[in-house]
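Trainee: Mind looking over this structure? Questions follow.
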Amino acid sequence: MNVLLIGGGGREHALAWKLAQSPALDTLYAAPGNPGIAHHATCVALDATDHATVVAFAMKHAVRLVVIGPEAPLVDGLADTLRDAGLAVFGPSAAAAQLEGSKGFTKDLCARAGIPTAGYIRCNDVDTAHAALKGTFGLPVVVKADGLAAGKGVVVAFDHATAAAAVDSIFAEPGAQIVIEEFLEGEEVSLFVLTDGQAILSFGSAQDHKRVGEGDVGANTGGMGAYSPATVLTPELEARALAEIVLPTVAAMRESGTPFSGVLYAGLMLTPRGPQLIEYNARFGDPEAQVLMARFSGDLLHTLLAVAEERLAMLPPVAFDDAVALTVVMAAQGYPGTPRTGGRIAGLADAEATGAMVFQAGTRMTGDGLVASGGRVLAVTATGTDVASAQAAAYRGVDAIDFETGFCRRDIGWREVARAG
Ligand code: AMP
Ligand code: GLY
């Protein structure tokens, strides 16, 4: 079977690595891919916003399944165009990707379906938003831009001035919409669920570190590291989250005529009242995919194809190693601001000789070897029998890498290690 993977980050490297292990795979194509993905796939320079070209490529190369990694092409309707052309696709339609693409859409759906989530108000103009801040919500309060914002559209404000400034900054964009939310107290955890629109299959839990600094301080990033499973999501809490949040969402999407097919990534807050939905993503997380794939022992191609072909109910439960997986992101200096690109990277083979897996995110091959080309550059991933040994193994990999213009946090997994100890 030939497969086309859309994307070129660390998440897609992990997906490519796992897809390549399937005995059913003939050729894996990746667009655009990256130097790490090139070890497992033929990288092709396709523009994912040019849907016709992607369809033509898939037809010409007898592609049986297209796997869409990132959110932007999903919200942009690439899955719809491919399905209209008769192709099997792992990833939701544009209408279903609204679960990630519009925070207001998701909040309204939760309200209709009685799904536990923070109280909220949607506002289309700046005056209503300021009035809502004064009248409806206490502090802290959460202000969110409605659309895709690459992790930058959310401000948790502990005072009115910060909240008001966030409102003004969002409405500085013409046509902006915002959601103002009640602040939820608790620990955050991510739950991944495969669904073909009907059946659901839990694909495990993870926690990430969003802040750039050790101790979880400083600016927000796409994620500086992650581990799986997250024991704070006990089997009881996972069952509640599936029953009270995920299943009603999948049912509501189906009943609206826009079934969600793909992976639903639920960001949950574990509050004293039980799990509450913070947000949905319509794709695997990055770097959460790296730790999920490190633990997954099934056939990824079969699994994703079963989702795409609406045969999920026939699959056995997802097979995971007992191992704990942990990934440390090595980023370019400056990230999450403007990253310093072009810095040399060496020692990846040495890192892999320690047993770690090095997933590449922002790298480029030059005449002088591998260099950094983005903010998050590598995700050094390892497994262990417990979180402390996975953490030690990941940092052995990190320490074997020579990346002078890079940095990483040294405390990935600290909360879980403390819990386990
Ligand atoms: P989001 O982009 O919706 O995931 O929000 C980014 C981060 O903001 C989340 O990971 C949470 O840490 C925080 N956050 C978002 N909404 C809330 C909320 N209602 N209460 C508390 N924290 C929140
Ligand atoms: N690591 C967070 C995300 O993928 O959205």
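Each chain of the structure tokens is named A, B, ... in the order shown, its residues numbered from 1; ligands are numbered from 1 in display order.
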Please identify all polymer residues within 8 Å of Gly267 (chain A), counting only C-alpha atoms, omitting same-chain residues fewer than 3 positions from it, and present them as an NGL selection string.

Mentor: :A and (188-191 or 277-281)

Trainee: Need the shell around Ala282 (chain A): protein/DNA/RNA residues with any atom at most 6 Å away, counting only C-alpha atoms. Skip same-chain ones fewer than 6 positions apart. Format as a list in words?

Mentor: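 So the residues in contact are Ala97, Glu100 and Leu264 of chain A.
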
Trainee: Output the selection as a PDB file, in the first residue's frame - N, CA and C atoms for each residue.

Mentor:
ATOM      1  N   ALA A  97     -13.274  19.817  11.640  1.00  0.00           N
ATOM      2  CA  ALA A  97     -12.063  20.423  12.213  1.00  0.00           C
ATOM      3  C   ALA A  97     -12.369  21.747  12.909  1.00  0.00           C
ATOM      4  N   GLU A 100     -11.355  22.273  16.432  1.00  0.00           N
ATOM      5  CA  GLU A 100     -10.107  22.969  16.766  1.00  0.00           C
ATOM      6  C   GLU A 100     -10.097  24.387  16.209  1.00  0.00           C
ATOM      7  N   LEU A 264      -9.204  12.766  17.932  1.00  0.00           N
ATOM      8  CA  LEU A 264      -9.700  13.874  18.730  1.00  0.00           C
ATOM      9  C   LEU A 264      -8.782  13.981  19.942  1.00  0.00           C
TER      10      LEU A 264
END

Trainee: Neighbours of ligand 2 within 6 Å, counting only C-alpha atoms and all ligand atoms, as a list in words?

Mentor: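 My answer, listing the contacting residues, is Gly222, Gly223, Gly285, Asp286 and Pro287 of chain A.
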
Trainee: Pull N, CA, C and O atoms from the residues just selected and write them as a short mmCIF file (atom, residue, chain, number, x, y, z; two decimals), in the first residue's frame.

Mentor:
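What ended up in selection-v5.cif:
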data_model
loop_
_atom_site.label_atom_id
_atom_site.label_comp_id
_atom_site.auth_asym_id
_atom_site.auth_seq_id
_atom_site.Cartn_x
_atom_site.Cartn_y
_atom_site.Cartn_z
N GLY A 222 4.92 25.76 21.75
CA GLY A 222 4.14 24.64 21.23
C GLY A 222 4.28 23.39 22.09
O GLY A 222 3.52 22.44 21.94
N GLY A 223 5.24 23.39 22.99
CA GLY A 223 5.48 22.23 23.86
C GLY A 223 6.97 21.94 23.90
O GLY A 223 7.60 21.75 22.87
N GLY A 285 -1.01 15.63 18.91
CA GLY A 285 -0.20 16.71 19.45
C GLY A 285 1.25 16.59 19.00
O GLY A 285 1.71 15.54 18.59
N ASP A 286 1.95 17.70 19.11
CA ASP A 286 3.38 17.74 18.84
C ASP A 286 4.02 18.46 20.01
O ASP A 286 3.78 19.67 20.16
N PRO A 287 4.70 17.81 20.91
CA PRO A 287 5.39 16.52 20.81
C PRO A 287 4.65 15.31 21.41
O PRO A 287 5.28 14.28 21.63
#

Trainee: Give me, as a list in words, the residues of region 275-374 of chain A that a backbone DSSP run labels helix (DSSP H, G or I).

Mentor: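 So, restricting region 275-374 of chain A to helix (DSSP H, G or I), we get Glu288, Ala289, Gln290, Val291, Leu292, Met293, Ala294, Arg295, Leu300, Leu301, His302, Thr303, Leu304, Leu305, Ala306, Val307, Ala308, Leu312, Ala313, Met314, Leu348, Ala349, Asp350, Ala351, Glu352 and Ala353 of chain A.
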
Trainee: Quick one: write out the picked residues with N, CA, C and O atoms as an mmCIF file, in the first residue's frame?

Mentor:
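In the end it all went to result37.cif:
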data_model
loop_
_atom_site.group_PDB
_atom_site.id
_atom_site.type_symbol
_atom_site.label_atom_id
_atom_site.label_comp_id
_atom_site.auth_asym_id
_atom_site.auth_seq_id
_atom_site.Cartn_x
_atom_site.Cartn_y
_atom_site.Cartn_z
ATOM 1 N N GLU A 288 3.327 15.401 21.631
ATOM 2 C CA GLU A 288 2.642 14.248 22.228
ATOM 3 C C GLU A 288 2.664 13.031 21.304
ATOM 4 O O GLU A 288 2.734 11.884 21.767
ATOM 5 N N ALA A 289 2.598 13.247 19.990
ATOM 6 C CA ALA A 289 2.628 12.113 19.053
ATOM 7 C C ALA A 289 3.920 11.313 19.218
ATOM 8 O O ALA A 289 3.926 10.086 19.076
ATOM 9 N N GLN A 290 4.997 12.015 19.527
ATOM 10 C CA GLN A 290 6.292 11.336 19.645
ATOM 11 C C GLN A 290 6.248 10.313 20.785
ATOM 12 O O GLN A 290 6.773 9.204 20.645
ATOM 13 N N VAL A 291 5.639 10.674 21.911
ATOM 14 C CA VAL A 291 5.594 9.716 23.022
ATOM 15 C C VAL A 291 4.521 8.649 22.799
ATOM 16 O O VAL A 291 4.697 7.494 23.192
ATOM 17 N N LEU A 292 3.419 9.016 22.163
ATOM 18 C CA LEU A 292 2.387 7.993 21.883
ATOM 19 C C LEU A 292 2.935 6.948 20.914
ATOM 20 O O LEU A 292 2.757 5.751 21.106
ATOM 21 N N MET A 293 3.626 7.414 19.873
ATOM 22 C CA MET A 293 4.157 6.466 18.884
ATOM 23 C C MET A 293 5.260 5.602 19.491
ATOM 24 O O MET A 293 5.405 4.437 19.138
ATOM 25 N N ALA A 294 6.025 6.167 20.420
ATOM 26 C CA ALA A 294 7.086 5.379 21.065
ATOM 27 C C ALA A 294 6.487 4.218 21.857
ATOM 28 O O ALA A 294 7.116 3.180 22.015
ATOM 29 N N ARG A 295 5.254 4.395 22.353
ATOM 30 C CA ARG A 295 4.618 3.349 23.166
ATOM 31 C C ARG A 295 3.731 2.423 22.351
ATOM 32 O O ARG A 295 3.445 1.307 22.775
ATOM 33 N N LEU A 300 0.262 0.847 12.841
ATOM 34 C CA LEU A 300 -0.340 2.181 12.696
ATOM 35 C C LEU A 300 -1.077 2.326 11.372
ATOM 36 O O LEU A 300 -2.147 2.941 11.314
ATOM 37 N N LEU A 301 -0.518 1.758 10.320
ATOM 38 C CA LEU A 301 -1.169 1.878 9.018
ATOM 39 C C LEU A 301 -2.556 1.226 9.056
ATOM 40 O O LEU A 301 -3.547 1.828 8.628
ATOM 41 N N HIS A 302 -2.640 0.010 9.601
ATOM 42 C CA HIS A 302 -3.946 -0.651 9.719
ATOM 43 C C HIS A 302 -4.914 0.158 10.554
ATOM 44 O O HIS A 302 -6.100 0.269 10.239
ATOM 45 N N THR A 303 -4.383 0.732 11.622
ATOM 46 C CA THR A 303 -5.244 1.465 12.556
ATOM 47 C C THR A 303 -5.799 2.727 11.898
ATOM 48 O O THR A 303 -7.004 2.995 11.957
ATOM 49 N N LEU A 304 -4.924 3.504 11.269
ATOM 50 C CA LEU A 304 -5.379 4.755 10.653
ATOM 51 C C LEU A 304 -6.284 4.482 9.456
ATOM 52 O O LEU A 304 -7.250 5.217 9.209
ATOM 53 N N LEU A 305 -5.987 3.392 8.723
ATOM 54 C CA LEU A 305 -6.843 3.046 7.577
ATOM 55 C C LEU A 305 -8.235 2.620 8.063
ATOM 56 O O LEU A 305 -9.249 2.963 7.444
ATOM 57 N N ALA A 306 -8.286 1.923 9.196
ATOM 58 C CA ALA A 306 -9.584 1.516 9.746
ATOM 59 C C ALA A 306 -10.414 2.736 10.134
ATOM 60 O O ALA A 306 -11.639 2.762 9.947
ATOM 61 N N VAL A 307 -9.752 3.766 10.652
ATOM 62 C CA VAL A 307 -10.469 5.009 10.956
ATOM 63 C C VAL A 307 -10.982 5.626 9.657
ATOM 64 O O VAL A 307 -12.158 5.985 9.534
ATOM 65 N N ALA A 308 -10.096 5.726 8.673
ATOM 66 C CA ALA A 308 -10.457 6.378 7.406
ATOM 67 C C ALA A 308 -11.584 5.651 6.691
ATOM 68 O O ALA A 308 -12.396 6.274 6.017
ATOM 69 N N LEU A 312 -13.554 1.221 12.447
ATOM 70 C CA LEU A 312 -12.881 1.264 13.744
ATOM 71 C C LEU A 312 -13.476 0.263 14.735
ATOM 72 O O LEU A 312 -12.757 -0.337 15.539
ATOM 73 N N ALA A 313 -14.796 0.059 14.670
ATOM 74 C CA ALA A 313 -15.461 -0.839 15.629
ATOM 75 C C ALA A 313 -14.922 -2.257 15.517
ATOM 76 O O ALA A 313 -15.006 -3.047 16.453
ATOM 77 N N MET A 314 -14.363 -2.588 14.356
ATOM 78 C CA MET A 314 -13.857 -3.952 14.155
ATOM 79 C C MET A 314 -12.434 -4.141 14.662
ATOM 80 O O MET A 314 -11.936 -5.263 14.684
ATOM 81 N N LEU A 348 23.571 12.831 16.163
ATOM 82 C CA LEU A 348 22.276 12.129 16.223
ATOM 83 C C LEU A 348 22.479 10.615 16.298
ATOM 84 O O LEU A 348 21.749 9.928 17.011
ATOM 85 N N ALA A 349 23.478 10.110 15.569
ATOM 86 C CA ALA A 349 23.735 8.660 15.615
ATOM 87 C C ALA A 349 24.202 8.266 17.011
ATOM 88 O O ALA A 349 23.811 7.212 17.534
ATOM 89 N N ASP A 350 25.013 9.112 17.640
ATOM 90 C CA ASP A 350 25.456 8.830 19.014
ATOM 91 C C ASP A 350 24.254 8.793 19.960
ATOM 92 O O ASP A 350 24.176 7.949 20.854
ATOM 93 N N ALA A 351 23.342 9.733 19.748
ATOM 94 C CA ALA A 351 22.148 9.764 20.601
ATOM 95 C C ALA A 351 21.339 8.485 20.403
ATOM 96 O O ALA A 351 20.864 7.880 21.370
ATOM 97 N N GLU A 352 21.199 8.059 19.164
ATOM 98 C CA GLU A 352 20.394 6.861 18.905
ATOM 99 C C GLU A 352 21.109 5.606 19.419
ATOM 100 O O GLU A 352 20.449 4.650 19.809
ATOM 101 N N ALA A 353 22.442 5.676 19.471
ATOM 102 C CA ALA A 353 23.198 4.537 20.019
ATOM 103 C C ALA A 353 22.923 4.357 21.510
ATOM 104 O O ALA A 353 23.088 3.267 22.056
#

Trainee: For chain A against ligand 1, with a cut-off of 7 Å and counting only C-alpha atoms and all ligand atoms, what is the closest atom pair and its distance in Å to one decimal for every residue that makes the cut, ordered by chain and number, as JSON lines?

Mentor:
{"residue": "A:Ala118", "atom": "CA", "partner": "ligand 1", "partner_atom_place_in_ligand_line": "19 (N)", "distance": 5.2}
{"residue": "A:Val142", "atom": "CA", "partner": "ligand 1", "partner_atom_place_in_ligand_line": "19 (N)", "distance": 5.8}
{"residue": "A:Gly151", "atom": "CA", "partner": "ligand 1", "partner_atom_place_in_ligand_line": "2 (O)", "distance": 5.2}
{"residue": "A:Gly153", "atom": "CA", "partner": "ligand 1", "partner_atom_place_in_ligand_line": "2 (O)", "distance": 6.5}
{"residue": "A:Val154", "atom": "CA", "partner": "ligand 1", "partner_atom_place_in_ligand_line": "5 (O)", "distance": 5.4}
{"residue": "A:Val155", "atom": "CA", "partner": "ligand 1", "partner_atom_place_in_ligand_line": "8 (O)", "distance": 6.8}
{"residue": "A:Val156", "atom": "CA", "partner": "ligand 1", "partner_atom_place_in_ligand_line": "8 (O)", "distance": 6.4}
{"residue": "A:Glu181", "atom": "CA", "partner": "ligand 1", "partner_atom_place_in_ligand_line": "19 (N)", "distance": 5.3}
{"residue": "A:Glu182", "atom": "CA", "partner": "ligand 1", "partner_atom_place_in_ligand_line": "19 (N)", "distance": 5.3}
{"residue": "A:Phe183", "atom": "CA", "partner": "ligand 1", "partner_atom_place_in_ligand_line": "20 (N)", "distance": 3.6}
{"residue": "A:Leu184", "atom": "CA", "partner": "ligand 1", "partner_atom_place_in_ligand_line": "20 (N)", "distance": 3.7}
{"residue": "A:Glu185", "atom": "CA", "partner": "ligand 1", "partner_atom_place_in_ligand_line": "21 (C)", "distance": 6.1}
{"residue": "A:Glu188", "atom": "CA", "partner": "ligand 1", "partner_atom_place_in_ligand_line": "12 (O)", "distance": 6.9}
{"residue": "A:Gly267", "atom": "CA", "partner": "ligand 1", "partner_atom_place_in_ligand_line": "4 (O)", "distance": 6.5}
{"residue": "A:Ile278", "atom": "CA", "partner": "ligand 1", "partner_atom_place_in_ligand_line": "16 (N)", "distance": 5.2}
{"residue": "A:Glu279", "atom": "CA", "partner": "ligand 1", "partner_atom_place_in_ligand_line": "3 (O)", "distance": 4.9}

Trainee: With N, CA and C atoms retained, write the just-selected residues as an mmCIF file, in the first residue's frame.

Mentor:
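File written: selection_22.cif
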data_model
loop_
_atom_site.group_PDB
_atom_site.id
_atom_site.type_symbol
_atom_site.label_atom_id
_atom_site.label_comp_id
_atom_site.auth_asym_id
_atom_site.auth_seq_id
_atom_site.Cartn_x
_atom_site.Cartn_y
_atom_site.Cartn_z
ATOM 1 N N ALA A 118 -15.634 25.145 30.880
ATOM 2 C CA ALA A 118 -15.722 26.443 31.552
ATOM 3 C C ALA A 118 -16.888 27.260 30.989
ATOM 4 N N VAL A 142 -10.127 34.062 31.346
ATOM 5 C CA VAL A 142 -9.367 33.585 30.191
ATOM 6 C C VAL A 142 -9.949 34.215 28.927
ATOM 7 N N GLY A 151 -1.230 28.290 19.233
ATOM 8 C CA GLY A 151 -0.911 28.331 20.657
ATOM 9 C C GLY A 151 -0.725 29.729 21.219
ATOM 10 N N GLY A 153 -3.118 32.295 20.991
ATOM 11 C CA GLY A 153 -4.360 33.068 21.053
ATOM 12 C C GLY A 153 -5.030 33.083 22.407
ATOM 13 N N VAL A 154 -4.350 32.607 23.458
ATOM 14 C CA VAL A 154 -4.997 32.474 24.765
ATOM 15 C C VAL A 154 -4.256 33.293 25.808
ATOM 16 N N VAL A 155 -4.998 34.115 26.547
ATOM 17 C CA VAL A 155 -4.399 34.859 27.666
ATOM 18 C C VAL A 155 -5.162 34.506 28.939
ATOM 19 N N VAL A 156 -4.444 33.970 29.910
ATOM 20 C CA VAL A 156 -5.027 33.758 31.228
ATOM 21 C C VAL A 156 -4.684 35.011 32.033
ATOM 22 N N GLU A 181 -13.740 33.211 28.999
ATOM 23 C CA GLU A 181 -14.074 32.015 29.777
ATOM 24 C C GLU A 181 -13.769 32.167 31.242
ATOM 25 N N GLU A 182 -14.524 31.459 32.001
ATOM 26 C CA GLU A 182 -14.270 31.246 33.418
ATOM 27 C C GLU A 182 -12.947 30.471 33.546
ATOM 28 N N PHE A 183 -12.183 30.774 34.570
ATOM 29 C CA PHE A 183 -10.893 30.098 34.818
ATOM 30 C C PHE A 183 -11.149 28.764 35.520
ATOM 31 N N LEU A 184 -10.559 27.706 34.980
ATOM 32 C CA LEU A 184 -10.684 26.382 35.589
ATOM 33 C C LEU A 184 -9.436 26.073 36.382
ATOM 34 N N GLU A 185 -9.641 25.530 37.568
ATOM 35 C CA GLU A 185 -8.533 25.217 38.463
ATOM 36 C C GLU A 185 -8.295 23.711 38.425
ATOM 37 N N GLU A 188 -3.797 19.865 34.178
ATOM 38 C CA GLU A 188 -4.147 19.616 32.774
ATOM 39 C C GLU A 188 -3.610 18.272 32.320
ATOM 40 N N GLY A 267 -7.984 18.385 25.393
ATOM 41 C CA GLY A 267 -7.244 19.019 26.480
ATOM 42 C C GLY A 267 -8.188 19.134 27.663
ATOM 43 N N ILE A 278 -11.009 21.749 28.212
ATOM 44 C CA ILE A 278 -10.394 23.067 27.962
ATOM 45 C C ILE A 278 -10.515 23.382 26.476
ATOM 46 N N GLU A 279 -10.121 22.426 25.657
ATOM 47 C CA GLU A 279 -10.179 22.655 24.205
ATOM 48 C C GLU A 279 -10.020 21.318 23.497
#

Trainee: Of the residues A:Val89, A:Val217, A:Leu247, A:Leu270, which is the one nearest to Leu233 (chain A), using only C-alpha atoms?

Mentor: A:Leu270

Trainee: Of the candidates A:Val179, A:Ala164, A:Ala388, A:Arg254, which shows the shortest atom-to-atom distance to Glu416 (chain A), using only C-alpha atoms?

Mentor: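 Going through A:Val179, A:Ala164, A:Ala388, A:Arg254 one by one, the smallest distance to Glu416 (chain A) is for A:Ala388.
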
Trainee: Please provide as a PyMOL selection string all residues within 10 Å of region 124-131 of chain A, with the sequence filter that same-chain residues fewer than 3 positions apart are discarded (counting only C-alpha atoms).

Mentor: chain A and resi 121+134-137+143+146+160+163-165+167-172+175-180

Trainee: For the residues in that selection, give me N, CA and C atoms as an mmCIF file, in the first residue's frame.

Mentor:
data_model
loop_
_atom_site.group_PDB
_atom_site.id
_atom_site.type_symbol
_atom_site.label_atom_id
_atom_site.label_comp_id
_atom_site.auth_asym_id
_atom_site.auth_seq_id
_atom_site.Cartn_x
_atom_site.Cartn_y
_atom_site.Cartn_z
ATOM 1 N N ILE A 121 -18.558 33.331 27.233
ATOM 2 C CA ILE A 121 -19.347 34.242 26.395
ATOM 3 C C ILE A 121 -18.580 34.419 25.092
ATOM 4 N N LYS A 134 -16.401 43.098 32.628
ATOM 5 C CA LYS A 134 -16.769 43.823 33.850
ATOM 6 C C LYS A 134 -17.910 43.136 34.577
ATOM 7 N N GLY A 135 -18.884 42.665 33.782
ATOM 8 C CA GLY A 135 -20.136 42.237 34.404
ATOM 9 C C GLY A 135 -20.201 40.763 34.779
ATOM 10 N N THR A 136 -19.624 39.900 33.952
ATOM 11 C CA THR A 136 -19.939 38.475 34.064
ATOM 12 C C THR A 136 -18.892 37.665 34.793
ATOM 13 N N PHE A 137 -17.623 38.043 34.592
ATOM 14 C CA PHE A 137 -16.568 37.153 35.053
ATOM 15 C C PHE A 137 -15.766 37.763 36.186
ATOM 16 N N VAL A 143 -9.089 34.823 28.136
ATOM 17 C CA VAL A 143 -9.506 35.504 26.903
ATOM 18 C C VAL A 143 -8.873 34.770 25.727
ATOM 19 N N ASP A 146 -10.833 33.454 18.612
ATOM 20 C CA ASP A 146 -11.656 32.318 18.191
ATOM 21 C C ASP A 146 -10.927 31.315 17.306
ATOM 22 N N HIS A 160 -7.681 42.838 35.689
ATOM 23 C CA HIS A 160 -8.552 43.392 34.648
ATOM 24 C C HIS A 160 -7.787 44.054 33.527
ATOM 25 N N ALA A 163 -6.629 41.473 31.065
ATOM 26 C CA ALA A 163 -7.760 40.937 30.314
ATOM 27 C C ALA A 163 -8.228 41.948 29.269
ATOM 28 N N ALA A 164 -8.317 43.213 29.682
ATOM 29 C CA ALA A 164 -8.789 44.251 28.758
ATOM 30 C C ALA A 164 -7.798 44.428 27.613
ATOM 31 N N ALA A 165 -6.506 44.367 27.929
ATOM 32 C CA ALA A 165 -5.489 44.510 26.881
ATOM 33 C C ALA A 165 -5.574 43.342 25.901
ATOM 34 N N VAL A 167 -8.256 41.649 25.116
ATOM 35 C CA VAL A 167 -9.439 41.899 24.278
ATOM 36 C C VAL A 167 -9.084 42.895 23.172
ATOM 37 N N ASP A 168 -8.444 43.994 23.548
ATOM 38 C CA ASP A 168 -8.097 45.020 22.554
ATOM 39 C C ASP A 168 -7.153 44.459 21.503
ATOM 40 N N SER A 169 -6.205 43.634 21.930
ATOM 41 C CA SER A 169 -5.226 43.132 20.966
ATOM 42 C C SER A 169 -5.881 42.152 19.995
ATOM 43 N N ILE A 170 -6.823 41.343 20.468
ATOM 44 C CA ILE A 170 -7.510 40.413 19.546
ATOM 45 C C ILE A 170 -8.363 41.203 18.555
ATOM 46 N N PHE A 171 -9.086 42.234 19.052
ATOM 47 C CA PHE A 171 -9.966 42.989 18.150
ATOM 48 C C PHE A 171 -9.202 43.953 17.251
ATOM 49 N N ALA A 172 -7.887 44.058 17.436
ATOM 50 C CA ALA A 172 -7.086 44.847 16.504
ATOM 51 C C ALA A 172 -7.083 44.199 15.119
ATOM 52 N N GLY A 175 -12.420 41.687 11.848
ATOM 53 C CA GLY A 175 -13.254 40.478 11.782
ATOM 54 C C GLY A 175 -13.015 39.498 12.914
ATOM 55 N N ALA A 176 -12.255 39.903 13.926
ATOM 56 C CA ALA A 176 -11.929 38.973 15.012
ATOM 57 C C ALA A 176 -13.164 38.626 15.833
ATOM 58 N N GLN A 177 -13.126 37.458 16.418
ATOM 59 C CA GLN A 177 -14.138 37.041 17.382
ATOM 60 C C GLN A 177 -13.403 36.506 18.595
ATOM 61 N N ILE A 178 -14.021 36.621 19.753
ATOM 62 C CA ILE A 178 -13.356 36.087 20.936
ATOM 63 C C ILE A 178 -14.315 35.284 21.808
ATOM 64 N N VAL A 179 -13.695 34.473 22.627
ATOM 65 C CA VAL A 179 -14.413 33.745 23.668
ATOM 66 C C VAL A 179 -13.778 34.158 24.991
ATOM 67 N N ILE A 180 -14.627 34.568 25.936
ATOM 68 C CA ILE A 180 -14.145 34.856 27.292
ATOM 69 C C ILE A 180 -14.650 33.728 28.191
#

Trainee: Which polymer residues have any atom within 9 Å of an atom of region 1-5 of chain A, counting only C-alpha atoms, with same-chain residues fewer than 4 positions away left out, as a list in words?

Mentor: Glu12, Leu15, Ala16, Leu19, Ala24, Leu25, Asp26, Thr27, Leu28, Tyr29, Ala30, Ala31, Pro32, Gly33, Ala41, Ala58, His61, Ala62, Val63, Arg64, Leu65, Val66, Val67, Ile68, Gly69 and Leu301 of chain A

Trainee: How would you write, as a ChimeraX atom specification, the set of residues in region 81-213 of chain A that DSSP gives as strand (DSSP E)?

Mentor: /A:88-90,120-123,141-145,154-157,178-182,187-195,200-208,211-213

Trainee: For a quick check of understanding, using only C-alpha atoms, which of A:Thr249, A:Arg409, A:Glu255, A:Tyr335 has the smallest distance to Leu109 (chain A)?

Mentor: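 Of A:Thr249, A:Arg409, A:Glu255, A:Tyr335, the one nearest Leu109 (chain A), counting only C-alpha atoms, is A:Thr249.
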
Trainee: Name the residues in contact with Gly334 (chain A) at a cut-off of 10 Å, using only C-alpha atoms, excluding same-chain residues fewer than 4 positions from it; report them as an mmCIF file with all heavy atoms, in the first residue's frame.

Mentor:
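part.cif, freshly written:
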data_model
loop_
_atom_site.group_PDB
_atom_site.id
_atom_site.type_symbol
_atom_site.label_atom_id
_atom_site.label_comp_id
_atom_site.auth_asym_id
_atom_site.auth_seq_id
_atom_site.Cartn_x
_atom_site.Cartn_y
_atom_site.Cartn_z
ATOM 1 N N THR A 338 11.895 34.804 17.876
ATOM 2 C CA THR A 338 12.545 34.485 16.605
ATOM 3 C C THR A 338 13.700 33.519 16.853
ATOM 4 O O THR A 338 14.654 33.860 17.564
ATOM 5 C CB THR A 338 13.085 35.771 15.957
ATOM 6 O OG1 THR A 338 11.992 36.683 15.896
ATOM 7 C CG2 THR A 338 13.624 35.507 14.557
ATOM 8 N N PRO A 339 13.627 32.307 16.315
ATOM 9 C CA PRO A 339 14.696 31.342 16.590
ATOM 10 C C PRO A 339 15.936 31.626 15.760
ATOM 11 O O PRO A 339 15.851 32.151 14.653
ATOM 12 C CB PRO A 339 14.065 30.005 16.184
ATOM 13 C CG PRO A 339 13.028 30.355 15.169
ATOM 14 C CD PRO A 339 12.554 31.748 15.477
ATOM 15 N N ARG A 340 17.085 31.277 16.336
ATOM 16 C CA ARG A 340 18.359 31.416 15.616
ATOM 17 C C ARG A 340 18.508 30.169 14.741
ATOM 18 O O ARG A 340 18.786 29.066 15.228
ATOM 19 C CB ARG A 340 19.464 31.498 16.660
ATOM 20 C CG ARG A 340 20.838 31.591 16.071
ATOM 21 C CD ARG A 340 21.815 31.961 17.176
ATOM 22 N NE ARG A 340 23.173 31.774 16.705
ATOM 23 C CZ ARG A 340 24.240 31.797 17.501
ATOM 24 N NH1 ARG A 340 24.081 31.978 18.806
ATOM 25 N NH2 ARG A 340 25.444 31.624 17.006
ATOM 26 N N THR A 341 18.328 30.335 13.451
ATOM 27 C CA THR A 341 18.398 29.182 12.548
ATOM 28 C C THR A 341 19.809 29.057 11.979
ATOM 29 O O THR A 341 20.626 29.958 12.108
ATOM 30 C CB THR A 341 17.382 29.311 11.392
ATOM 31 O OG1 THR A 341 17.621 30.538 10.723
ATOM 32 C CG2 THR A 341 15.960 29.279 11.917
ATOM 33 N N GLY A 375 11.995 26.722 15.115
ATOM 34 C CA GLY A 375 12.034 26.944 16.557
ATOM 35 C C GLY A 375 12.277 25.655 17.317
ATOM 36 O O GLY A 375 13.286 25.483 18.006
ATOM 37 N N THR A 405 23.787 25.952 19.229
ATOM 38 C CA THR A 405 22.858 27.081 19.235
ATOM 39 C C THR A 405 21.461 26.646 19.690
ATOM 40 O O THR A 405 20.486 27.354 19.460
ATOM 41 C CB THR A 405 22.766 27.724 17.835
ATOM 42 O OG1 THR A 405 22.313 26.712 16.931
ATOM 43 C CG2 THR A 405 24.114 28.251 17.379
ATOM 44 N N GLY A 406 21.405 25.495 20.343
ATOM 45 C CA GLY A 406 20.114 25.006 20.826
ATOM 46 C C GLY A 406 20.033 25.015 22.332
ATOM 47 O O GLY A 406 21.030 25.267 23.031
ATOM 48 N N PHE A 407 18.852 24.760 22.846
ATOM 49 C CA PHE A 407 18.674 24.620 24.295
ATOM 50 C C PHE A 407 17.502 23.675 24.540
ATOM 51 O O PHE A 407 16.692 23.421 23.651
ATOM 52 C CB PHE A 407 18.405 25.981 24.962
ATOM 53 C CG PHE A 407 17.014 26.526 24.690
ATOM 54 C CD1 PHE A 407 15.973 26.335 25.613
ATOM 55 C CD2 PHE A 407 16.738 27.208 23.512
ATOM 56 C CE1 PHE A 407 14.699 26.826 25.356
ATOM 57 C CE2 PHE A 407 15.462 27.703 23.253
ATOM 58 C CZ PHE A 407 14.438 27.515 24.172
#

Trainee: For each of A:Gly421, A:Pro35, A:Gly413, A:Gly343, take the minimum atom-to-atom distance to Gln207 (chain A), counting only C-alpha atoms, then give the residue where this is smallest.

Mentor: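 So, comparing all the options, the nearest one is A:Gly413.
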
Trainee: May I ask for the distance between CA of Val358 (chain A) and CA of Thr195 (chain A), given in Å to one decimal place?

Mentor: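 Distance between the two atoms: 28.8 Å.
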
Trainee: Hey, which of A:Val193, A:Ala38, A:Ala145, A:Lys18 ends up closest to Met365 (chain A)? Count only C-alpha atoms.

Mentor: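 For Met365 (chain A), the nearest of the candidates is A:Ala38.
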